[in-house]
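Undergrad: You'll find data20.cif just under this line, and it carries mmCIF, C-alpha atoms (C1' of nucleotides).
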data_protein
loop_
_atom_site.label_atom_id
_atom_site.label_comp_id
_atom_site.auth_asym_id
_atom_site.auth_seq_id
_atom_site.Cartn_x
_atom_site.Cartn_y
_atom_site.Cartn_z
CA MET A 1 0.00 0.00 0.00
CA ALA A 2 1.30 3.40 -0.96
CA LYS A 3 2.27 5.52 1.98
CA ALA A 4 0.38 8.78 2.22
CA ALA A 5 2.75 11.62 1.45
CA LYS A 6 3.74 13.63 4.49
CA TYR A 7 3.77 16.87 2.57
CA ASP A 8 0.56 18.63 1.53
CA ARG A 9 0.70 18.45 -2.24
CA GLN A 10 -1.81 21.22 -2.88
CA ASN A 11 -0.06 23.52 -0.44
CA VAL A 12 3.28 22.76 -2.05
CA ILE A 13 1.98 23.49 -5.53
CA ASP A 14 0.35 26.67 -4.30
CA LYS A 15 3.60 27.97 -2.83
CA ALA A 16 5.56 26.95 -5.91
CA THR A 17 2.99 28.71 -8.09
CA ASN A 18 3.39 31.96 -6.17
CA LEU A 19 7.17 31.87 -6.44
CA TYR A 20 7.18 31.01 -10.14
CA TRP A 21 4.53 33.65 -10.73
CA LYS A 22 6.54 36.31 -8.92
CA LYS A 23 10.00 35.59 -10.29
CA GLY A 24 9.28 33.85 -13.58
CA PHE A 25 10.51 30.47 -14.77
CA HIS A 26 14.19 31.26 -15.37
CA ALA A 27 14.79 33.42 -12.31
CA THR A 28 13.29 30.83 -9.99
CA SER A 29 15.91 28.28 -8.98
CA MET A 30 15.23 24.83 -7.61
CA ARG A 31 16.94 25.96 -4.41
CA ASN A 32 14.54 28.91 -4.16
CA LEU A 33 11.72 26.41 -4.49
CA GLN A 34 13.26 24.03 -1.95
CA ASP A 35 13.32 26.82 0.61
CA GLU A 36 9.84 28.06 -0.26
CA ILE A 37 8.07 24.72 -0.09
CA ASP A 38 10.39 23.14 2.52
CA MET A 39 11.19 19.99 0.62
CA ARG A 40 14.53 18.41 -0.20
CA PRO A 41 15.54 17.98 -3.85
CA GLY A 42 14.96 14.22 -3.90
CA SER A 43 11.37 14.61 -2.74
CA ILE A 44 10.62 17.34 -5.23
CA TYR A 45 12.04 15.31 -8.11
CA ALA A 46 10.16 12.20 -6.95
CA ALA A 47 6.93 14.17 -6.86
CA PHE A 48 7.23 16.40 -9.92
CA GLY A 49 9.98 14.99 -12.15
CA ASN A 50 11.95 18.13 -12.75
CA LYS A 51 11.78 21.92 -12.80
CA ASP A 52 9.53 21.88 -15.86
CA GLY A 53 7.18 19.37 -14.26
CA LEU A 54 6.68 21.50 -11.19
CA PHE A 55 6.20 24.57 -13.39
CA LYS A 56 3.49 22.76 -15.34
CA GLN A 57 1.70 21.99 -12.09
CA ALA A 58 2.03 25.67 -11.20
CA LEU A 59 0.53 26.73 -14.53
CA ARG A 60 -2.31 24.26 -14.03
CA HIS A 61 -2.93 25.55 -10.51
CA TYR A 62 -2.82 29.19 -11.60
CA THR A 63 -5.33 28.52 -14.35
CA ASP A 64 -7.62 26.60 -12.01
CA ILE A 65 -7.64 29.55 -9.61
CA GLY A 66 -8.84 31.78 -12.45
CA LEU A 67 -11.47 29.32 -13.59
CA THR A 68 -12.69 28.84 -10.03
CA GLN A 69 -12.88 32.58 -9.55
CA ILE A 70 -15.16 32.85 -12.56
CA GLN A 71 -17.43 30.15 -11.13
CA GLN A 72 -17.55 31.96 -7.80
CA LEU A 73 -18.42 35.25 -9.46
CA LYS A 74 -21.29 33.53 -11.24
CA GLN A 75 -22.89 32.96 -7.85
CA VAL A 76 -22.51 36.59 -6.85
CA HIS A 77 -23.70 38.25 -10.04
CA ASP A 78 -26.87 37.54 -11.97
CA SER A 79 -25.65 39.06 -15.20
CA PRO A 80 -22.99 37.20 -17.21
CA MET A 81 -21.50 40.52 -18.25
CA ALA A 82 -21.25 41.55 -14.61
CA VAL A 83 -19.31 38.34 -13.98
CA LEU A 84 -16.93 39.14 -16.82
CA ILE A 85 -16.41 42.73 -15.72
CA ALA A 86 -15.83 41.69 -12.12
CA PHE A 87 -13.30 39.10 -13.22
CA VAL A 88 -11.39 41.54 -15.40
CA LYS A 89 -11.29 44.07 -12.59
CA ALA A 90 -10.03 41.43 -10.19
CA GLN A 91 -7.29 40.50 -12.65
CA VAL A 92 -6.28 44.02 -13.57
CA ILE A 93 -6.83 46.04 -10.41
CA GLU A 94 -7.02 43.92 -7.26
CA SER A 95 -4.19 41.62 -8.28
CA GLN A 96 -1.79 44.56 -8.43
CA ASP A 97 -1.64 44.71 -4.67
CA THR A 98 -2.45 41.17 -3.57
CA ALA A 99 -0.93 38.84 -6.17
CA PRO A 100 2.73 37.75 -6.30
CA SER A 101 2.99 39.60 -9.61
CA GLY A 102 0.65 42.09 -11.17
CA MET A 103 1.15 40.29 -14.44
CA CYS A 104 -0.95 37.41 -15.69
CA MET A 105 1.27 34.38 -15.09
CA LEU A 106 0.28 32.89 -18.43
CA ALA A 107 1.04 36.09 -20.38
CA LYS A 108 4.26 36.51 -18.43
CA THR A 109 5.28 32.96 -19.33
CA ILE A 110 4.43 33.46 -23.00
CA GLY A 111 6.58 36.56 -22.96
CA GLU A 112 9.50 34.99 -21.14
CA LEU A 113 9.99 31.61 -22.78
CA THR A 114 11.51 30.74 -26.14
CA GLU A 115 11.49 27.67 -28.39
CA GLU A 116 13.88 26.07 -25.90
CA ASN A 117 10.82 25.38 -23.75
CA GLN A 118 8.24 24.79 -26.44
CA ASP A 119 6.28 22.29 -24.36
CA LEU A 120 5.80 24.84 -21.59
CA ILE A 121 4.70 27.40 -24.15
CA ASP A 122 2.19 24.94 -25.58
CA THR A 123 0.85 24.18 -22.12
CA THR A 124 0.52 27.88 -21.43
CA LYS A 125 -1.29 28.53 -24.70
CA SER A 126 -3.79 25.76 -24.03
CA HIS A 127 -4.54 27.22 -20.61
CA LEU A 128 -5.12 30.65 -22.11
CA ALA A 129 -7.53 28.95 -24.49
CA GLU A 130 -9.34 27.44 -21.51
CA ILE A 131 -9.87 30.86 -20.00
CA SER A 132 -10.94 32.25 -23.35
CA ALA A 133 -13.48 29.44 -23.65
CA GLU A 134 -15.02 30.55 -20.37
CA PHE A 135 -15.21 34.10 -21.66
CA VAL A 136 -16.99 32.81 -24.76
CA LYS A 137 -19.54 31.01 -22.60
CA LEU A 138 -20.19 34.12 -20.55
CA ILE A 139 -20.57 36.27 -23.64
CA GLU A 140 -22.91 33.79 -25.30
CA ALA A 141 -25.00 33.72 -22.13
CA ALA A 142 -25.07 37.51 -22.21
CA GLN A 143 -26.19 37.38 -25.83
CA ALA A 144 -28.98 34.98 -24.93
CA LEU A 145 -30.13 37.47 -22.30
CA GLY A 146 -29.90 40.38 -24.69
CA GLU A 147 -27.03 42.02 -22.81
CA VAL A 148 -24.82 41.74 -25.86
CA ASP A 149 -25.70 42.06 -29.53
CA LYS A 150 -26.49 38.55 -30.81
CA HIS A 151 -24.89 39.27 -34.18
CA LYS A 152 -21.45 39.74 -32.73
CA ASN A 153 -18.94 36.91 -32.67
CA ALA A 154 -18.44 35.73 -29.10
CA GLN A 155 -15.00 34.30 -29.94
CA ASP A 156 -13.81 37.64 -31.25
CA LEU A 157 -15.12 39.46 -28.21
CA ALA A 158 -13.40 36.96 -25.89
CA ILE A 159 -10.12 37.51 -27.70
CA HIS A 160 -10.65 41.23 -27.34
CA VAL A 161 -11.08 40.85 -23.59
CA GLN A 162 -7.89 38.79 -23.28
CA ILE A 163 -5.95 41.40 -25.23
CA GLN A 164 -7.26 44.13 -22.95
CA ILE A 165 -6.32 42.16 -19.84
CA ALA A 166 -2.78 41.59 -21.13
CA GLY A 167 -2.39 45.24 -22.07
CA LEU A 168 -3.89 46.64 -18.90
CA ARG A 169 -1.92 44.37 -16.56
CA THR A 170 1.29 45.44 -18.26
CA PHE A 171 0.30 49.08 -18.03
CA ALA A 172 -0.74 48.66 -14.40
CA LYS A 173 2.84 47.69 -13.54
CA ILE A 174 3.95 51.09 -14.84
CA ASN A 175 1.11 53.25 -13.62
CA ASN A 176 -1.01 51.68 -10.88
CA ASP A 177 -3.79 54.27 -10.84
CA THR A 178 -6.85 52.45 -9.54
CA ASN A 179 -9.38 54.98 -10.76
CA LEU A 180 -7.89 55.12 -14.22
CA LEU A 181 -7.78 51.35 -14.49
CA ASN A 182 -11.32 51.04 -13.24
CA ASN A 183 -12.55 53.42 -15.92
CA LYS A 184 -10.54 51.65 -18.58
CA VAL A 185 -12.09 48.30 -17.69
CA ASP A 186 -15.58 49.78 -17.76
CA ASP A 187 -14.84 51.34 -21.13
CA ILE A 188 -13.92 47.96 -22.60
CA PHE A 189 -17.47 46.73 -22.19
CA SER A 190 -19.30 49.95 -22.98
CA HIS A 191 -17.67 50.62 -26.34
CA TYR A 192 -16.77 48.88 -29.57
CA PRO A 193 -16.52 45.98 -30.16
CA PHE A 194 -19.04 45.34 -27.36
CA MET B 195 45.76 59.71 -26.07
CA ALA B 196 43.06 57.12 -25.77
CA LYS B 197 43.41 54.26 -28.15
CA ALA B 198 40.50 53.81 -30.49
CA ALA B 199 38.62 50.67 -29.55
CA LYS B 200 39.05 47.82 -31.98
CA TYR B 201 35.51 46.56 -31.55
CA ASP B 202 32.55 48.34 -33.12
CA ARG B 203 30.61 49.56 -30.11
CA GLN B 204 27.34 50.13 -31.92
CA ASN B 205 27.49 46.73 -33.56
CA VAL B 206 28.24 45.12 -30.21
CA ILE B 207 25.32 46.84 -28.52
CA ASP B 208 23.06 45.93 -31.41
CA LYS B 209 23.92 42.24 -31.12
CA ALA B 210 23.60 42.31 -27.34
CA THR B 211 20.22 44.00 -27.69
CA ASN B 212 18.93 41.29 -29.98
CA LEU B 213 20.04 38.52 -27.63
CA TYR B 214 18.63 40.19 -24.52
CA TRP B 215 15.44 40.96 -26.40
CA LYS B 216 15.05 37.36 -27.52
CA LYS B 217 15.95 35.53 -24.31
CA GLY B 218 15.21 38.13 -21.65
CA PHE B 219 17.52 39.46 -18.95
CA HIS B 220 17.76 36.42 -16.69
CA ALA B 221 18.01 33.76 -19.38
CA THR B 222 20.82 35.59 -21.16
CA SER B 223 24.17 34.67 -19.63
CA MET B 224 27.37 36.65 -19.96
CA ARG B 225 28.83 33.67 -21.82
CA ASN B 226 25.94 33.78 -24.27
CA LEU B 227 26.77 37.44 -24.81
CA GLN B 228 30.51 36.76 -25.12
CA ASP B 229 29.82 34.32 -27.92
CA GLU B 230 27.27 36.57 -29.61
CA ILE B 231 29.38 39.73 -29.66
CA ASP B 232 32.78 37.99 -29.86
CA MET B 233 34.39 39.78 -26.95
CA ARG B 234 36.22 38.37 -23.96
CA PRO B 235 34.82 39.00 -20.46
CA GLY B 236 37.49 41.54 -19.54
CA SER B 237 36.68 43.71 -22.54
CA ILE B 238 32.96 43.55 -21.92
CA TYR B 239 33.34 44.52 -18.29
CA ALA B 240 35.77 47.30 -19.20
CA ALA B 241 33.30 48.67 -21.73
CA PHE B 242 29.98 48.19 -19.94
CA GLY B 243 30.69 47.63 -16.25
CA ASN B 244 28.57 44.57 -15.67
CA LYS B 245 25.59 42.60 -16.96
CA ASP B 246 23.19 45.34 -15.88
CA GLY B 247 25.25 48.01 -17.62
CA LEU B 248 25.16 46.20 -20.92
CA PHE B 249 21.46 45.58 -20.51
CA LYS B 250 20.87 49.29 -19.95
CA GLN B 251 22.71 50.03 -23.17
CA ALA B 252 20.49 47.45 -24.87
CA LEU B 253 17.35 49.10 -23.52
CA ARG B 254 18.62 52.48 -24.70
CA HIS B 255 19.40 51.09 -28.14
CA TYR B 256 16.05 49.33 -28.42
CA THR B 257 14.24 52.53 -27.52
CA ASP B 258 16.27 54.58 -29.97
CA ILE B 259 15.35 52.18 -32.75
CA GLY B 260 11.69 52.79 -32.01
CA LEU B 261 12.10 56.55 -31.79
CA THR B 262 14.06 56.58 -35.03
CA GLN B 263 11.41 54.49 -36.72
CA ILE B 264 8.81 57.08 -35.79
CA GLN B 265 10.95 59.84 -37.26
CA GLN B 266 11.38 57.84 -40.47
CA LEU B 267 7.66 57.23 -40.75
CA LYS B 268 7.08 60.95 -40.44
CA GLN B 269 8.90 61.39 -43.72
CA VAL B 270 6.79 58.76 -45.46
CA HIS B 271 3.36 59.79 -44.23
CA ASP B 272 1.82 63.24 -44.31
CA SER B 273 -0.75 62.53 -41.65
CA PRO B 274 0.38 62.18 -38.02
CA MET B 275 -2.26 59.53 -37.49
CA ALA B 276 -0.93 57.58 -40.46
CA VAL B 277 2.48 57.67 -38.80
CA LEU B 278 1.04 56.33 -35.56
CA ILE B 279 -0.92 53.58 -37.29
CA ALA B 280 2.06 52.53 -39.36
CA PHE B 281 4.24 52.40 -36.26
CA VAL B 282 1.77 50.30 -34.32
CA LYS B 283 1.41 47.91 -37.25
CA ALA B 284 5.18 47.61 -37.50
CA GLN B 285 5.39 46.84 -33.80
CA VAL B 286 2.50 44.41 -33.67
CA ILE B 287 2.55 42.67 -37.04
CA GLU B 288 5.86 42.98 -38.85
CA SER B 289 7.94 42.41 -35.74
CA GLN B 290 6.36 39.01 -35.25
CA ASP B 291 8.41 37.55 -38.08
CA THR B 292 11.48 39.77 -38.21
CA ALA B 293 12.29 40.76 -34.63
CA PRO B 294 14.21 38.60 -32.12
CA SER B 295 11.05 38.46 -30.05
CA GLY B 296 7.50 39.37 -30.99
CA MET B 297 7.23 41.07 -27.64
CA CYS B 298 8.06 44.68 -26.93
CA MET B 299 11.42 44.47 -25.15
CA LEU B 300 10.36 47.14 -22.68
CA ALA B 301 7.08 45.43 -21.82
CA LYS B 302 8.85 42.09 -21.63
CA THR B 303 11.39 43.56 -19.22
CA ILE B 304 8.70 45.14 -17.06
CA GLY B 305 7.02 41.76 -16.88
CA GLU B 306 10.16 39.79 -16.14
CA LEU B 307 11.98 41.83 -13.52
CA THR B 308 11.24 42.26 -9.82
CA GLU B 309 12.34 44.71 -7.12
CA GLU B 310 15.70 42.95 -7.15
CA ASN B 311 16.47 44.98 -10.28
CA GLN B 312 14.61 48.16 -9.48
CA ASP B 313 17.06 50.37 -11.36
CA LEU B 314 16.52 48.41 -14.55
CA ILE B 315 12.77 48.65 -14.05
CA ASP B 316 13.06 52.41 -13.57
CA THR B 317 15.16 52.74 -16.72
CA THR B 318 12.60 50.71 -18.63
CA LYS B 319 9.71 52.80 -17.35
CA SER B 320 11.41 56.03 -18.37
CA HIS B 321 11.96 54.68 -21.88
CA LEU B 322 8.32 53.72 -22.17
CA ALA B 323 7.53 57.27 -21.15
CA GLU B 324 9.77 58.55 -23.95
CA ILE B 325 7.83 56.54 -26.51
CA SER B 326 4.57 57.68 -25.01
CA ALA B 327 5.73 61.30 -25.28
CA GLU B 328 6.24 60.79 -29.02
CA PHE B 329 2.74 59.38 -29.28
CA VAL B 330 1.43 62.47 -27.50
CA LYS B 331 3.21 64.74 -29.98
CA LEU B 332 1.76 62.82 -32.92
CA ILE B 333 -1.73 62.93 -31.47
CA GLU B 334 -1.50 66.64 -30.71
CA ALA B 335 -0.33 67.24 -34.26
CA ALA B 336 -3.29 65.22 -35.48
CA GLN B 337 -5.57 67.33 -33.32
CA ALA B 338 -4.13 70.51 -34.78
CA LEU B 339 -4.93 69.14 -38.23
CA GLY B 340 -8.42 68.13 -37.22
CA GLU B 341 -7.71 64.42 -37.58
CA VAL B 342 -8.50 63.87 -33.93
CA ASP B 343 -11.08 65.55 -31.73
CA LYS B 344 -9.39 68.54 -30.07
CA HIS B 345 -11.30 68.03 -26.82
CA LYS B 346 -9.75 64.65 -26.16
CA ASN B 347 -6.76 64.28 -23.90
CA ALA B 348 -3.70 63.39 -25.94
CA GLN B 349 -1.98 61.83 -22.92
CA ASP B 350 -4.90 59.47 -22.33
CA LEU B 351 -4.99 58.49 -25.99
CA ALA B 352 -1.25 57.81 -25.97
CA ILE B 353 -1.64 55.57 -22.93
CA HIS B 354 -4.46 53.80 -24.72
CA VAL B 355 -2.21 53.12 -27.69
CA GLN B 356 0.55 51.71 -25.48
CA ILE B 357 -1.91 49.41 -23.75
CA GLN B 358 -3.15 48.16 -27.10
CA ILE B 359 0.39 47.51 -28.32
CA ALA B 360 1.24 45.55 -25.18
CA GLY B 361 -1.96 43.53 -25.42
CA LEU B 362 -1.73 42.87 -29.13
CA ARG B 363 1.93 41.86 -29.07
CA THR B 364 1.19 39.36 -26.33
CA PHE B 365 -1.79 38.03 -28.24
CA ALA B 366 0.23 37.87 -31.45
CA LYS B 367 2.59 35.38 -29.79
CA ILE B 368 -0.38 33.07 -29.28
CA ASN B 369 -2.26 33.64 -32.50
CA ASN B 370 -0.20 35.24 -35.27
CA ASP B 371 -3.07 35.92 -37.69
CA THR B 372 -1.90 38.86 -39.80
CA ASN B 373 -5.33 39.79 -41.10
CA LEU B 374 -6.90 39.70 -37.67
CA LEU B 375 -4.10 41.79 -36.19
CA ASN B 376 -4.30 44.27 -39.03
CA ASN B 377 -8.01 44.77 -38.44
CA LYS B 378 -7.50 45.07 -34.71
CA VAL B 379 -4.93 47.84 -35.18
CA ASP B 380 -7.22 49.72 -37.57
CA ASP B 381 -10.06 49.37 -35.06
CA ILE B 382 -7.98 51.02 -32.35
CA PHE B 383 -7.95 54.28 -34.24
CA SER B 384 -11.43 54.17 -35.71
CA HIS B 385 -13.33 53.66 -32.46
CA TYR B 386 -13.49 54.98 -28.92
CA PRO B 387 -11.53 56.57 -27.38
CA PHE B 388 -10.29 57.96 -30.72
"C1'" DC C 389 7.92 -6.89 16.71
"C1'" DA C 390 10.05 -8.02 12.39
"C1'" DT C 391 9.94 -7.48 7.63
"C1'" DA C 392 8.95 -5.18 3.40
"C1'" DT C 393 7.82 -1.14 1.06
"C1'" DA C 394 7.40 3.73 0.38
"C1'" DT C 395 9.25 8.13 1.15
"C1'" DT C 396 12.62 11.62 2.56
"C1'" DT C 397 17.10 13.13 3.12
"C1'" DG C 398 21.22 15.82 1.91
"C1'" DA C 399 25.84 15.36 0.23
"C1'" DA C 400 27.67 15.65 -4.04
"C1'" DC C 401 28.18 15.95 -9.35
"C1'" DG C 402 29.45 18.29 -13.56
"C1'" DA C 403 28.13 22.29 -15.73
"C1'" DC C 404 27.30 26.90 -15.52
"C1'" DT C 405 26.87 31.77 -13.18
"C1'" DG C 406 28.73 36.75 -13.04
"C1'" DC C 407 32.99 38.53 -12.68
"C1'" DT C 408 38.30 39.61 -11.80
"C1'" DC C 409 42.95 40.58 -12.86
"C1'" DA C 410 47.81 39.65 -14.02
"C1'" DA C 411 49.82 38.99 -18.29
"C1'" DA C 412 49.98 39.71 -23.23
"C1'" DT C 413 48.98 42.55 -26.99
"C1'" DT C 414 48.20 46.66 -29.48
"C1'" DA C 415 48.50 51.51 -30.40
"C1'" DA C 416 50.16 56.23 -29.58
"C1'" DT C 417 54.07 59.27 -28.27
"C1'" DT C 418 58.70 60.55 -27.99
"C1'" DA D 419 63.13 52.20 -32.39
"C1'" DA D 420 62.18 52.77 -27.58
"C1'" DT D 421 58.91 54.03 -24.14
"C1'" DT D 422 54.55 54.76 -22.32
"C1'" DA D 423 49.75 54.14 -22.15
"C1'" DA D 424 45.44 51.90 -23.59
"C1'" DT D 425 43.18 47.77 -24.57
"C1'" DT D 426 42.38 42.76 -24.93
"C1'" DT D 427 43.00 38.30 -23.36
"C1'" DG D 428 41.51 34.00 -21.03
"C1'" DA D 429 42.44 31.19 -17.14
"C1'" DG D 430 40.23 30.91 -13.11
"C1'" DC D 431 37.53 32.29 -8.66
"C1'" DA D 432 33.71 31.53 -5.52
"C1'" DG D 433 29.24 30.60 -5.87
"C1'" DT D 434 25.00 28.68 -7.98
"C1'" DC D 435 22.58 25.81 -11.42
"C1'" DG D 436 19.45 21.50 -12.16
"C1'" DT D 437 19.76 16.97 -10.86
"C1'" DT D 438 21.04 12.26 -8.87
"C1'" DC D 439 21.18 8.47 -5.66
"C1'" DA D 440 22.81 5.70 -1.77
"C1'" DA D 441 21.63 5.94 2.81
"C1'" DA D 442 18.38 7.08 6.47
"C1'" DT D 443 13.80 7.32 7.95
"C1'" DA D 444 9.01 6.53 8.11
"C1'" DT D 445 4.96 3.78 7.23
"C1'" DA D 446 2.36 -0.42 6.16
"C1'" DT D 447 1.99 -5.43 6.21
"C1'" DG D 448 2.56 -10.16 8.15
#
Using structure tokens, write down the structure that the file contains.
TA:
Amino acid sequence: MAKAAKYDRQNVIDKATNLYWKKGFHATSMRNLQDEIDMRPGSIYAAFGNKDGLFKQALRHYTDIGLTQIQQLKQVHDSPMAVLIAFVKAQVIESQDTAPSGMCMLAKTIGELTEENQDLIDTTKSHLAEISAEFVKLIEAAQALGEVDKHKNAQDLAIHVQIQIAGLRTFAKINNDTNLLNNKVDDIFSHYPF
Amino acid sequence: MAKAAKYDRQNVIDKATNLYWKKGFHATSMRNLQDEIDMRPGSIYAAFGNKDGLFKQALRHYTDIGLTQIQQLKQVHDSPMAVLIAFVKAQVIESQDTAPSGMCMLAKTIGELTEENQDLIDTTKSHLAEISAEFVKLIEAAQALGEVDKHKNAQDLAIHVQIQIAGLRTFAKINNDTNLLNNKVDDIFSHYPF
DNA sequence: CATATATTTGAACGACTGCTCAAATTAATT
DNA sequence: AATTAATTTGAGCAGTCGTTCAAATATATG
């Protein structure tokens, strides 16, 4: 019978995610991670394979947090568009002060990595597609309710939202003006292409 | 009398810029740079101080390329807005295939670095402000010509353009659809807030 | 309690990091 | 051509990188 691991796997992945998110893939060393999650190299490699393997778990965890957040917002807001707006504001504004990095970890990873880590890039892209798919669902629900013009392409609008998030989170690292950011997010959904 | 350096400083900085731009600050090692620019460590350190010093020169060079490009476009296009649109398209679309990285080096740097390299972050921010200042000048010129509503704030519009560039260049790394990107750039200037 | 199995440990490996500096080389000056 | 000054060289330093694996420890089974 397999012995139950002494370490708390979810907690370990969560801490690793925060460190990777803050410092990026290359600047985070295995020794940084050893200290952060309080595990010795052998245990980490037994549990996650290598640095890439642990990073993939971090990407998965980061994405799940986002997806979960969307589900939670669905229970707070009646309107699908309100869910989307609340999510974007959480990503762009709140995360600037509370998150390990103001940047989206997926966008940051896409920006940082090269062909040398193509598999990590591919993983990252597929996770961005997962988030986008949730945006599409929200927008289609909004269209069904008449909140958004039915003739517009939900895919295109979802892409537009992701572009705005990437742009605004980058800008927020330069100029973290909450009021300005708040207005900019509102503008996204009250003007073309919405 | 100081001996004229045997190496071509501008060529060295240009090559270093391309490597830093492609791989990012942390993933670019001094040995990578030694190979790329064909200089021995002693010479590099004599000329640039340290890894940070060379990176600062790279940031300066990268920014100058952008500023120069704007000046060149001014001589091709009569309309200030045409200059701005052409520049954004060059940044977002053309650079995807020709540049070392599809990303804006300044945005990439802002995303990658942490407080540990605050001086490099500050340098990067000031260069982004330089670019933004050029955008402001172009927009104000467009306003003087009646191409853009005089009542709009040129600063805000310039910020908007920078956010769109950051967002689109990130998106372009995921989905490099030239037609789609082209339309998206045109949309920036034909809808709110323009 | 003894045995077998699963898990954790941490020293250590070869390769690489940013960087230094005495020695060699090159160029300018007399 | 001899002397001085500027520049380049590259071996090498101390430290870190990602990773391995025999030994120690912990858990489960008989």
Undergrad: With distances taken over only C-alpha atoms (C1' of nucleotides), which residue among C:DC409, C:DA392, C:DA403, C:DT397 lies nearest DT447 of chain D?
TA: C:DA392
Undergrad: On this structure, which residues satisfy the PyMOL selection byres ((chain C) within 8 of (chain A)), written as an mmCIF file with C-alpha atoms (C1' of nucleotides), in the coordinates of the input?
TA:
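What follows is the written file expr.cif:
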data_model
loop_
_atom_site.group_PDB
_atom_site.id
_atom_site.type_symbol
_atom_site.label_atom_id
_atom_site.label_comp_id
_atom_site.auth_asym_id
_atom_site.auth_seq_id
_atom_site.Cartn_x
_atom_site.Cartn_y
_atom_site.Cartn_z
ATOM 1 C "C1'" DT C 393 7.820 -1.140 1.060
ATOM 2 C "C1'" DA C 394 7.400 3.730 0.380
ATOM 3 C "C1'" DT C 395 9.250 8.130 1.150
ATOM 4 C "C1'" DT C 396 12.620 11.620 2.560
ATOM 5 C "C1'" DT C 397 17.100 13.130 3.120
ATOM 6 C "C1'" DG C 398 21.220 15.820 1.910
#
Undergrad: On this file, the PyMOL selection byres ((chain D) within 10 of (chain A)) gives some set of residues; write that set as a list in words.
TA: DT434, DC435, DG436, DT437, DT438, DC439, DA444, DT445, DA446 and DT447 of chain D
Undergrad: If you measure from atom CA of Ala352 of chain B to atom CA of Lys184 of chain A, what distance in Å do you get, rounded to one decimal?
TA: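 Rounded to one decimal, the two atoms are 13.4 Å apart.
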Undergrad: Taking only C-alpha atoms into account, find every residue of chain B that has an atom no more than 8 Å from chain A, and write it out as an MDAnalysis selection string.
TA: chainID B and resid 216:218 220:221 297 301:302 304:308 319 356:362 364:365 367:368 385:386
